[in-house]
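Report on one structure; see the data block that follows.
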Amino acid sequence: MPFRPVALLLTTALFVTGCLPDNGAEASRDTSGPMVETVVDDLHHPWGLAFLPDGGLLITERRGRLLQLDADGDNRRQIAGLPAVDHRNQGGLLDVALHPAFAENRLVYLTWAGRCDGGNATHLGRGRLDGERLVDFETLFIATPCVDSGIHFGSRLAFDRDGFLFMTVGDRGERDRAQDLADHNGSVLRLHDDGRIPADNPFVDRPDAEDAIFSYGHRNPQGAATHPQTGRVWIHEHGPRGGDEINIPAAGENFGWPIQTYGREYAGPEIAPDEVEGVTGPIHHWTPSIAPSGMTFYDHAAAPDWQGNLFVGALVKRHLARLQLDGERVVGEERWLEEREWRIRDVEVGPDGALWVITDHADGRLLRLTPD
């Protein structure tokens with residue numbers, strides 16, 4: 001796997017439009033780029049966020065709460081009608097996403113770690129948002145087999161341009177599962193919006209494979225976003241002590257974990273540094289690891305200098321990565337918020353064109369980033 005050098009960007013975005021909401025929150029300039037405003041500072045280990053058509057937000061907390069906030073962070077409500085979650089270690093209530101036709105059907109999708117068959121698994125469900133409750137909530141999919149583990153649930157959601165729902169599932173800490181097509185764990189799943197299996201999924205005709213699998217060989221993908229021009233879903237995933245990867249899932253492709261990786265064992269030695277025939281390498285990797293979580297493409301007129309950039313949160317290295325792209329190549333990288341020491345869990349572009357970020361702490365923050 002050849003090394004792909006990344007040139008550091010030295011430019012700083014300019015503030016061209018927009019203003020901060022007048023809610024009394026303090027804003028300050030980050031030394032490496034944007035203006036940073038703390039909108040909320042008392043979230044409990046938030047994991048995912050999604051914007052409603054009116055500019056309000058839905059935010060998940062791992063302990064099992066779904067919160068709805070107004071666009072200024074005020075008028076917080078806890079949404080009822082949620083499933084029971086297994087809130088241990090990395091588990092709990094995880095991602096949240098809206099149906100592409102949410103304005104008409106009000107459907108909200110959730111992923112969570114749920115109990116099953118003596119262990120737990122990554123679950124997918126949906127309900128209709130009616131006031132302060134999800135009604136008619138139903139479980140659509142469970143990534144089997146269930147495993148007695150508290151780690152590597154994956155759980156990011158993204159709809160592609162054709163309306164298919166992509167769901168990431170981690171290897172649950174048992175790496176060989178990622179190469180087993182009879183096991184959902186360690187894969188990217190492709191589903192209809194109601195949880196049915198698409199007839200053109202790559203393994204539907206193989207009796208030895210799970211037909212929901214779209215791509216496999218993934219370790220723990222905790223980022224997913226749809227490219228605004230191509231409509232394809234991109235993901236990123238955690239590697240061990242290096243080998244965090246950005247990948248573009250493709251039908252039936254093997255992305256290598258654990259038979260090909262830049263990562264190293266936590267005890268020190270390399271795991272599988274040599275290229276393997278039939279394995280698709282990443283378009284970008286971080287070695288040493290940054291522990292990526294959450295990602296979004298910037299596609300808004302409010303910040304022309306950010307246009308087309310990919311933003312990725314980092315949990316261990318504690319920053320927001322701004323990646324400059326040339327097609328499907330990463331050609332530059334900046335690191336924002338490093339001096340803040342915040343574990344960045346998720347990032348989304350708001351209707352106002354700002355970057356909205358949540359931090360993974362017991363007193364987690366909702367941040368609003370605007371160009372300086």
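To be explicit about the labels: the chains of the structure tokens are called A, B, and onward in the order shown, and within each one the residues are counted from 1, while ligands get numbers from 1 in the order they are shown.
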
Can you pull out the residues contacting A:Ala251? Cut-off 12 Å, using only C-alpha atoms, and skip same-chain residues under 2 positions away; I want them as a PyMOL selection string. chain A and resi 166+187-190+198+200-204+211-216+232-233+248-249+253-255+280

So that I can check the surroundings of A:Glu245, please list as an mmCIF file with C-alpha atoms, in the first residue's frame every protein, DNA and RNA residue that reaches within 6 Å of it, counting only C-alpha atoms and ignoring chain neighbours fewer than 5 positions away.
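Saved file out_14.cif follows:
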data_model
loop_
_atom_site.group_PDB
_atom_site.id
_atom_site.type_symbol
_atom_site.label_atom_id
_atom_site.label_comp_id
_atom_site.auth_asym_id
_atom_site.auth_seq_id
_atom_site.Cartn_x
_atom_site.Cartn_y
_atom_site.Cartn_z
ATOM 1 C CA HIS A 236 -14.129 6.451 7.732
ATOM 2 C CA GLU A 237 -13.102 3.874 10.286
ATOM 3 C CA PRO A 282 -8.146 3.533 1.493
ATOM 4 C CA HIS A 284 -6.570 8.383 2.812
ATOM 5 C CA HIS A 285 -5.288 7.171 6.165
#

Tell me, counting only C-alpha atoms, for each residue of stretch 336-355 of chain A within 10 Å of stretch 59-78 of chain A, which pair of atoms is nearest and how far apart they are in Å to one decimal, in rows ordered by chain and increasing number, as a tab-separated table.
residue	atom	partner	partner_atom	distance
A:Gly350	CA	A:Ala71	CA	9.3
A:Pro351	CA	A:Ala71	CA	9.5
A:Asp352	CA	A:Ala71	CA	9.6

Which of stretch 24-266 of chain A end up as helix (DSSP H, G or I) when DSSP is run on this backbone - answer as a CSV table (one decimal) with C-alpha atoms, in the first residue's frame?
chain,number,residue,atom,x,y,z
A,102,PHE,CA,-38.9,13.9,6.4
A,103,ALA,CA,-40.9,17.0,5.6
A,104,GLU,CA,-43.7,14.8,4.4
A,105,ASN,CA,-43.4,11.6,6.5
A,175,ARG,CA,-11.4,-8.9,14.0
A,176,ASP,CA,-11.9,-12.0,12.0
A,177,ARG,CA,-15.7,-11.3,11.8
A,178,ALA,CA,-14.8,-8.5,9.3
A,179,GLN,CA,-13.7,-11.1,6.7

Between A:Ile283, A:Ile290, A:Val349, A:Leu323, which one has atoms that come closest to A:Gly242, using only C-alpha atoms? A:Ile290

Counting only C-alpha atoms, what is within 7 Å of stretch 138-144 of chain A, bar same-chain residues fewer than 3 positions away, as a PyMOL selection string? chain A and resi 121-127+183-185+194-195

When DSSP works through the backbone of this structure, what residues of stretch 43-263 of chain A end up as strand (DSSP E or B), shown as number ranges by chain? A: 43, 46-51, 57-61, 65-69, 77-80, 93-98, 107-116, 119-130, 133-142, 147, 157-159, 165-169, 187-191, 213-216, 221-226, 233-237, 244-247, 254
